[in-house]
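Below is final_25.txt, which holds compact mmCIF, C-alpha atoms.
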```txt
# COMPACT_ATOMS: atom_id res chain seq x y z
CA MET N 889 112.06 101.27 74.67
CA SER N 890 112.74 102.11 71.04
CA GLY N 891 116.53 102.02 71.36
CA ARG N 892 116.84 105.63 70.28
CA ILE N 893 117.20 109.12 71.70
CA VAL N 894 114.85 111.88 70.58
CA VAL N 895 116.09 115.46 70.27
CA GLY N 896 113.81 118.39 69.58
CA VAL N 897 115.12 121.17 67.33
CA ASP N 898 113.86 124.60 66.25
CA GLY N 899 116.85 126.18 64.50
CA SER N 900 118.17 127.94 67.62
CA HIS N 901 121.73 127.82 68.99
CA ALA N 902 120.46 126.00 72.09
CA ALA N 903 118.85 123.34 69.90
CA SER N 904 122.14 122.89 68.03
CA ALA N 905 123.86 122.24 71.38
CA ALA N 906 121.13 119.73 72.20
CA VAL N 907 121.81 117.90 68.92
CA GLU N 908 125.52 117.74 69.73
CA TRP N 909 124.81 116.32 73.20
CA ALA N 910 122.27 113.80 71.88
CA ALA N 911 124.54 112.62 69.06
CA ALA N 912 127.41 112.04 71.48
CA ASP N 913 125.12 110.21 73.91
CA ALA N 914 123.70 108.00 71.15
CA ARG N 915 127.22 107.13 69.97
CA ARG N 916 128.43 106.24 73.47
CA ARG N 917 125.38 104.13 74.31
CA GLY N 918 124.92 102.45 70.93
CA LEU N 919 121.49 103.98 70.31
CA GLY N 920 119.78 105.55 67.31
CA LEU N 921 118.98 109.25 67.10
CA ARG N 922 115.59 110.65 66.07
CA ILE N 923 115.54 114.38 65.37
CA VAL N 924 112.12 116.00 65.48
CA HIS N 925 110.81 119.46 64.68
CA VAL N 926 107.30 120.57 65.58
CA CYS N 927 106.12 122.84 62.78
CA GLU N 928 103.75 125.35 64.29
CA GLN N 929 102.12 127.70 61.76
CA TRP N 930 101.46 131.34 62.72
CA PRO N 931 99.90 133.13 59.71
CA PRO N 932 100.29 136.93 59.62
CA THR N 933 97.19 139.04 60.36
CA ASP N 934 95.95 142.22 58.77
CA ALA N 935 96.45 145.19 61.10
CA ALA N 936 93.05 146.68 60.31
CA SER N 937 90.84 143.60 60.36
CA GLY N 938 92.86 141.45 62.74
CA THR N 939 92.34 138.46 60.48
CA ALA N 940 94.59 136.66 58.02
CA SER N 941 93.80 136.66 54.30
CA GLU N 942 93.67 133.38 52.41
CA ALA N 943 96.75 134.40 50.42
CA ALA N 944 98.64 135.25 53.63
CA ILE N 945 97.74 131.91 55.12
CA ARG N 946 98.99 130.06 52.01
CA ALA N 947 102.25 132.06 52.01
CA ALA N 948 102.79 131.40 55.70
CA ASP N 949 102.15 127.70 55.20
CA VAL N 950 104.72 127.48 52.41
CA GLY N 951 107.33 129.62 54.16
CA GLY N 952 106.81 127.95 57.53
CA THR N 953 107.08 124.47 56.06
CA GLU N 954 110.28 125.39 54.24
CA PHE N 955 111.80 126.79 57.43
CA CYS N 956 110.80 123.68 59.39
CA ALA N 957 112.25 121.36 56.76
CA GLY N 958 115.44 123.41 56.63
CA ALA N 959 115.91 123.38 60.40
CA LEU N 960 115.36 119.62 60.47
CA GLU N 961 117.79 118.89 57.64
CA THR N 962 120.48 121.18 59.06
CA ALA N 963 120.25 119.41 62.42
CA ALA N 964 120.40 115.98 60.78
CA GLU N 965 123.50 116.87 58.76
CA HIS N 966 125.17 118.20 61.90
CA ALA N 967 124.39 115.01 63.83
CA ARG N 968 125.67 112.77 61.03
CA ASP N 969 128.90 114.73 60.84
CA LEU N 970 129.41 114.35 64.59
CA ALA N 971 128.40 110.69 64.84
CA PRO N 972 128.71 109.00 61.43
CA ASP N 973 128.15 105.55 62.94
CA VAL N 974 124.80 106.49 64.52
CA GLU N 975 121.53 105.84 62.66
CA VAL N 976 119.86 109.25 62.33
CA THR N 977 116.19 109.66 61.39
CA THR N 978 114.08 112.81 61.22
CA ALA N 979 110.42 113.63 61.65
CA MET N 980 108.36 116.77 61.16
CA LEU N 981 105.57 116.77 63.74
CA SER N 982 102.38 118.77 63.98
CA GLY N 983 100.51 120.12 66.97
CA GLY N 984 101.83 121.75 70.12
CA VAL N 985 105.53 121.43 70.90
CA ILE N 986 105.16 120.14 74.46
CA ASP N 987 102.37 117.67 73.62
CA ALA N 988 104.35 116.30 70.67
CA LEU N 989 107.54 115.82 72.69
CA VAL N 990 105.64 114.21 75.57
CA ARG N 991 104.22 111.71 73.08
CA GLU N 992 107.74 111.04 71.79
CA SER N 993 108.96 110.41 75.34
CA ALA N 994 106.64 107.42 75.75
CA THR N 995 108.87 105.22 73.58
CA ALA N 996 112.21 107.07 73.59
CA ASP N 997 115.16 106.19 75.80
CA GLY N 998 115.34 109.90 76.52
CA VAL N 999 114.33 113.28 75.10
CA VAL N 1000 116.88 116.08 74.71
CA VAL N 1001 116.06 119.77 74.25
CA GLY N 1002 117.89 123.06 74.37
CA SER N 1003 117.42 125.26 77.40
CA ARG N 1004 115.71 128.03 75.44
CA GLY N 1005 114.41 128.10 71.89
CA LEU N 1006 113.70 130.80 69.35
CA GLY N 1007 110.56 131.97 71.12
CA GLY N 1008 112.16 132.59 74.51
CA PHE N 1009 112.98 135.91 76.16
CA ALA N 1010 116.68 136.78 75.92
CA GLY N 1011 117.13 137.09 79.68
CA MET N 1012 115.66 133.70 80.55
CA LEU N 1013 117.98 130.81 81.34
CA LEU N 1014 115.29 128.17 80.86
CA GLY N 1015 112.42 128.20 78.38
CA SER N 1016 108.89 126.92 78.93
CA VAL N 1017 109.40 123.86 76.71
CA GLY N 1018 112.25 122.42 78.80
CA LEU N 1019 110.47 123.12 82.08
CA ASN N 1020 107.09 121.70 81.00
CA LEU N 1021 108.63 118.70 79.30
CA ALA N 1022 110.64 117.84 82.42
CA GLY N 1023 107.40 117.86 84.39
CA HIS N 1024 105.32 115.72 82.04
CA ALA N 1025 107.57 113.39 79.99
CA ALA N 1026 107.31 109.66 80.54
CA GLY N 1027 111.08 109.15 80.83
CA PRO N 1028 114.40 111.00 81.08
CA VAL N 1029 114.54 114.58 79.80
CA VAL N 1030 117.92 116.25 79.25
CA VAL N 1031 118.07 120.04 79.06
CA VAL N 1032 121.24 121.41 77.43
CA ARG N 1033 122.32 125.05 77.80
CA GLY N 1034 125.24 125.19 75.40
CA PRO N 1035 128.18 123.25 73.92
CA SER N 1036 130.34 121.34 76.40
CA VAL N 1037 133.73 123.03 76.43
CA VAL N 1038 135.42 121.19 79.33
CA GLN N 1039 135.00 117.53 80.24
CA HIS N 1040 135.26 116.78 83.98
CA GLY N 1041 134.82 113.02 83.89
CA GLN N 1042 132.09 113.13 86.53
CA VAL N 1043 128.32 112.62 86.65
CA VAL N 1044 126.43 114.01 89.65
CA VAL N 1045 123.16 112.55 90.91
CA GLY N 1046 120.88 113.73 93.69
CA TYR N 1047 119.65 110.76 95.73
CA ASP N 1048 117.19 110.58 98.61
CA GLY N 1049 116.02 106.96 98.47
CA SER N 1050 112.68 107.78 96.82
CA GLU N 1051 111.29 105.95 93.80
CA HIS N 1052 112.02 108.91 91.53
CA SER N 1053 115.60 109.30 92.76
CA THR N 1054 116.11 105.55 92.29
CA ALA N 1055 115.19 105.99 88.62
CA ALA N 1056 117.61 108.94 88.51
CA MET N 1057 120.37 106.77 90.03
CA GLU N 1058 119.85 104.05 87.43
CA TYR N 1059 120.09 106.58 84.61
CA ALA N 1060 123.14 108.26 86.19
CA ILE N 1061 124.96 104.93 86.49
CA GLU N 1062 124.27 104.18 82.81
CA GLN N 1063 125.59 107.62 81.88
CA ALA N 1064 128.71 107.26 84.04
CA ARG N 1065 129.44 103.82 82.61
CA SER N 1066 129.08 104.94 78.99
CA ARG N 1067 131.41 107.90 79.65
CA ASP N 1068 133.90 105.93 81.78
CA ALA N 1069 133.26 108.66 84.36
CA GLN N 1070 133.01 108.80 88.14
CA LEU N 1071 129.56 108.94 89.72
CA TYR N 1072 129.19 111.44 92.57
CA VAL N 1073 126.09 110.77 94.70
CA VAL N 1074 124.82 113.76 96.70
CA THR N 1075 122.32 113.42 99.54
CA ALA N 1076 121.30 116.71 101.11
CA TRP N 1077 118.74 117.72 103.68
CA GLN N 1078 117.98 120.67 105.94
CA MET N 1079 118.00 120.26 109.70
CA PRO N 1080 115.33 122.00 111.81
CA VAL N 1081 116.29 125.54 112.84
CA PHE N 1082 116.23 126.31 116.55
CA SER N 1083 116.87 129.47 118.48
CA PRO N 1084 120.59 130.14 119.08
CA TYR N 1085 119.71 130.24 122.79
CA ALA N 1086 118.37 126.68 122.77
CA ALA N 1087 121.71 125.11 123.70
CA ALA N 1088 119.93 122.04 125.04
CA TYR N 1089 119.14 120.97 121.48
CA SER N 1090 122.74 120.91 120.26
CA ASP N 1091 123.33 117.28 121.26
CA LEU N 1092 120.04 116.21 119.73
CA LEU N 1093 120.91 117.95 116.47
CA GLN N 1094 124.32 116.29 116.33
CA GLU N 1095 122.79 112.88 116.96
CA ALA N 1096 120.17 113.48 114.29
CA TYR N 1097 122.81 114.58 111.80
CA GLU N 1098 124.94 111.49 112.45
CA GLU N 1099 121.89 109.25 112.00
CA GLU N 1100 121.01 110.90 108.69
CA VAL N 1101 124.59 110.44 107.43
CA ARG N 1102 124.66 106.79 108.47
CA MET N 1103 121.38 106.07 106.72
CA ALA N 1104 122.31 107.92 103.52
CA ARG N 1105 125.66 106.10 103.30
CA ALA N 1106 123.89 102.78 103.74
CA TRP N 1107 121.64 103.53 100.78
CA VAL N 1108 124.62 103.75 98.42
CA VAL N 1109 126.22 100.43 99.42
CA PRO N 1110 123.89 98.17 97.33
CA TRP N 1111 124.50 100.32 94.26
CA ARG N 1112 128.26 99.84 94.57
CA GLU N 1113 127.80 96.10 95.00
CA ARG N 1114 125.59 95.80 91.90
CA HIS N 1115 127.80 98.02 89.73
CA PRO N 1116 131.43 97.32 90.61
CA ASP N 1117 132.58 98.60 87.20
CA VAL N 1118 131.45 102.16 88.03
CA ARG N 1119 133.40 104.22 90.52
CA ILE N 1120 130.80 105.62 92.94
CA ILE N 1121 131.61 108.18 95.61
CA ASP N 1122 129.05 109.77 97.90
CA GLU N 1123 128.66 112.82 100.09
CA GLN N 1124 126.05 113.75 102.69
CA VAL N 1125 125.50 117.43 103.44
CA SER N 1126 123.14 119.37 105.65
CA GLU N 1127 121.98 122.12 103.31
CA HIS N 1128 119.28 122.75 100.74
CA PRO N 1129 119.46 120.07 98.01
CA VAL N 1130 119.41 122.67 95.20
CA SER N 1131 122.35 124.53 96.73
CA ALA N 1132 124.30 121.29 97.20
CA LEU N 1133 123.69 120.16 93.60
CA VAL N 1134 124.56 123.57 92.15
CA LYS N 1135 127.90 123.43 93.98
CA ALA N 1136 128.55 119.87 92.79
CA SER N 1137 127.67 120.83 89.20
CA ALA N 1138 130.79 123.01 88.94
CA SER N 1139 132.80 119.82 88.27
CA ALA N 1140 130.09 117.80 86.51
CA ASP N 1141 129.47 116.87 82.88
CA LEU N 1142 125.85 116.03 83.76
CA VAL N 1143 123.59 116.49 86.78
CA VAL N 1144 120.79 113.95 87.23
CA VAL N 1145 117.75 114.37 89.49
CA GLY N 1146 114.43 112.63 89.93
CA SER N 1147 111.36 114.49 88.74
CA ARG N 1148 110.11 114.53 92.33
CA GLY N 1149 111.64 113.49 95.64
CA ARG N 1150 110.22 112.68 99.02
CA GLY N 1151 107.90 115.16 100.64
CA GLY N 1152 106.61 116.61 97.35
CA PHE N 1153 103.04 117.76 96.86
CA ALA N 1154 100.90 115.06 95.24
CA ALA N 1155 99.69 117.42 92.49
CA ALA N 1156 103.15 118.72 91.54
CA MET N 1157 104.43 117.28 88.25
CA LEU N 1158 107.96 118.57 88.89
CA GLY N 1159 109.42 118.83 92.38
CA SER N 1160 111.05 121.93 93.79
CA VAL N 1161 114.54 120.41 93.62
CA GLY N 1162 114.22 119.54 89.92
CA HIS N 1163 112.76 122.98 89.25
CA GLY N 1164 115.60 124.72 91.11
CA VAL N 1165 118.34 122.65 89.49
CA LEU N 1166 116.97 123.33 86.00
CA HIS N 1167 117.03 127.05 86.68
CA HIS N 1168 120.44 127.32 88.34
CA VAL N 1169 122.75 124.57 87.03
CA THR N 1170 124.62 125.52 83.86
CA CYS N 1171 125.81 122.08 82.71
CA PRO N 1172 123.35 119.62 81.09
CA VAL N 1173 120.63 118.45 83.48
CA ALA N 1174 118.68 115.18 83.25
CA VAL N 1175 115.31 114.96 84.99
CA VAL N 1176 114.17 111.35 85.32
CA ARG N 1177 110.71 109.95 86.01
CA PRO N 1178 110.10 106.23 86.68
CA ARG N 1179 108.63 104.56 83.62
CA GLY N 1180 104.88 104.08 83.92
CA ASP N 1181 104.57 106.67 86.70
CA ARG N 1182 103.04 109.77 85.14
CA ARG N 1183 101.18 110.60 88.38
CA GLN N 1184 102.68 112.31 91.36
CA GLY N 1185 101.98 110.73 94.69
CA PRO N 1186 103.42 110.15 98.15
CA PRO N 1187 106.55 108.00 98.35
CA ALA N 1188 106.25 104.34 98.98
CA GLY N 1189 106.79 103.01 102.44
CA GLY N 1190 110.23 102.26 103.76
CA GLU N 1191 112.94 103.88 105.79
CA ARG N 1192 112.50 107.60 106.31
CA ALA N 1193 114.59 109.86 104.12
CA PRO N 1194 116.98 112.48 105.49
CA GLY N 1195 115.02 115.57 106.35
CA GLU N 1196 111.64 113.90 105.79
CA SER N 1197 108.96 114.68 108.34
CA GLY N 1198 107.86 111.89 110.62
CA PRO N 1199 106.35 111.29 114.05
CA ASP N 1200 109.55 112.46 115.72
CA ARG N 1201 110.36 115.43 113.49
CA PRO N 1202 108.61 118.43 111.95
CA PRO N 1203 109.00 119.04 108.22
CA ALA N 1204 112.42 120.43 107.28
CA GLY N 1205 110.98 123.26 105.86
CA GLY N 1206 100.21 113.68 61.23
CA ASP N 1207 103.90 113.00 61.55
CA GLU N 1208 106.22 112.93 58.58
CA GLU N 1209 109.25 110.72 59.08
CA THR N 1210 112.28 110.21 56.90
CA GLY N 1211 114.80 107.43 57.14
CA GLY N 1212 118.38 107.49 58.22
CA ARG N 1213 121.49 107.85 56.16
CA PRO N 1214 120.83 107.21 52.44
```
Using the file provided, produce a representation of the structure as structure tokens.
Amino acid sequence: MSGRIVVGVDGSHAASAAVEWAAADARRRGLGLRIVHVCEQWPPTDAASGTASEAAIRAADVGGTEFCAGALETAAEHARDLAPDVEVTTAMLSGGVIDALVRESATADGVVVGSRGLGGFAGMLLGSVGLNLAGHAAGPVVVVRGPSVVQHGQVVVGYDGSEHSTAAMEYAIEQARSRDAQLYVVTAWQMPVFSPYAAAYSDLLQEAYEEEVRMARAWVVPWRERHPDVRIIDEQVSEHPVSALVKASASADLVVVGSRGRGGFAAAMLGSVGHGVLHHVTCPVAVVRPRGDRRQGPPAGGERAPGESGPDRPPAGGDEETGGRP
């Protein structure tokens, strides 16, 4: 990796919060910070003809470029004030926002964006850029809603033993270590629903639940052994993973999930859990994809995950870059 975090800005309040989060993360982890702005030009059109005049196009180009440069410089000054010891560079990118940030993700240690930019609808909690980037980036994507007012000293990670959740666990451990925070590992699954009159199944359900808990606890043991410097606690719950993670997020500084867990559709670039967490969790959320795995596919072989279907169970339901500090 490049040894730097990339943060996308557009002059919005959410982007400013993203810069604050990224600057703090770069300082804690000893990384550089690259601030990028994708300058999209939208020339005004004549109401009668529906086309833009040459003069209007030139004016839009000049005004748009000035706004882009101003947004970039304002963000850089803010980051340098917050983290004077971090190397800050800036770049004005061209093309589509999502495509540009996906390209940046290929070499970045992580990409940080605000939850909703200037083009979003006021009532939306999550904009299209954050959602699409989380589904297509090559590495970790952090979506930040607003400034962090209270620090809880805890990082939450959703873990189901899949390849994607393993990448999420590795990132969560790094985050917990850099913050000197506790890592709270949540494993959640939904048990099959039977008729309330099917009393004969109660013992089977209890046995299945106990087996799921035993297996999930066993998954966490090697992580504790490999990372004795990080305090790791774990909880196993029988409920929808999104609901469990939303509850845990109330006392979290960061929630980390894999881009797709077990049981996901092969064509889905972002799993339902990641999608739900991005929409409902209000603290910063990191969505992590294993490096080199841009394609969704079935999980690798191994022990069955809690709630996963199996033979004995139905499904559970031209860039311009400027240098750092002069």
For this session: Compile the contact shell of Gly891 of chain N as a list of chain:residue names: residues with an atom at most 10 Å away, counting only C-alpha atoms, same-chain residues fewer than 3 positions apart removed.
Result: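 Listing them by chain and then by number gives N:Ala914, N:Arg917, N:Gly918, N:Leu919, N:Gly920, N:Leu921, N:Thr995, N:Ala996, N:Asp997, N:Gly998.
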Problem set entry | Distance query Ala1136 of chain N at most 9 Å, only C-alpha atoms, self and fewer than 5 positions along chain excluded, as JSON, numbers by chain | {"N": [1044, 1072, 1074, 1131, 1143]}
Exercise. Using all atoms listed in the file, which residues sit within 10 Å of segment 959-974 of chain N once same-chain residues fewer than 6 positions away are excluded, as a VMD selection string?
Worked result: chain N and resid 892 895 to 900 903 to 904 906 to 916 918 to 926 953 980 1212 to 1213
For this session: For atom CA of Ala979 of chain N and atom CA of Gly1027 of chain N, quote the distance in Å rounded to one decimal.
Result: 19.7 Å
For this session: Tell me which of N:Ala1104, N:Val1032, N:Val1043, N:Ala994 sits closest to Val1125 of chain N, counting all atoms listed in the file.
Result: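 Checking each candidate against Val1125 of chain N, we get N:Ala1104 as the closest.
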Exercise. Which residues come within 10 Å of Ser1137 of chain N, counting only C-alpha atoms, excluding same-chain residues fewer than 4 positions away, as a list in words?
Worked result: Gln1042, Val1043, Val1044, Val1045, Ser1131, Ala1132, Leu1133, Asp1141, Leu1142, Val1143, Val1144, Val1165, His1168, Val1169, Thr1170, Cys1171, Pro1172 and Val1173 of chain N
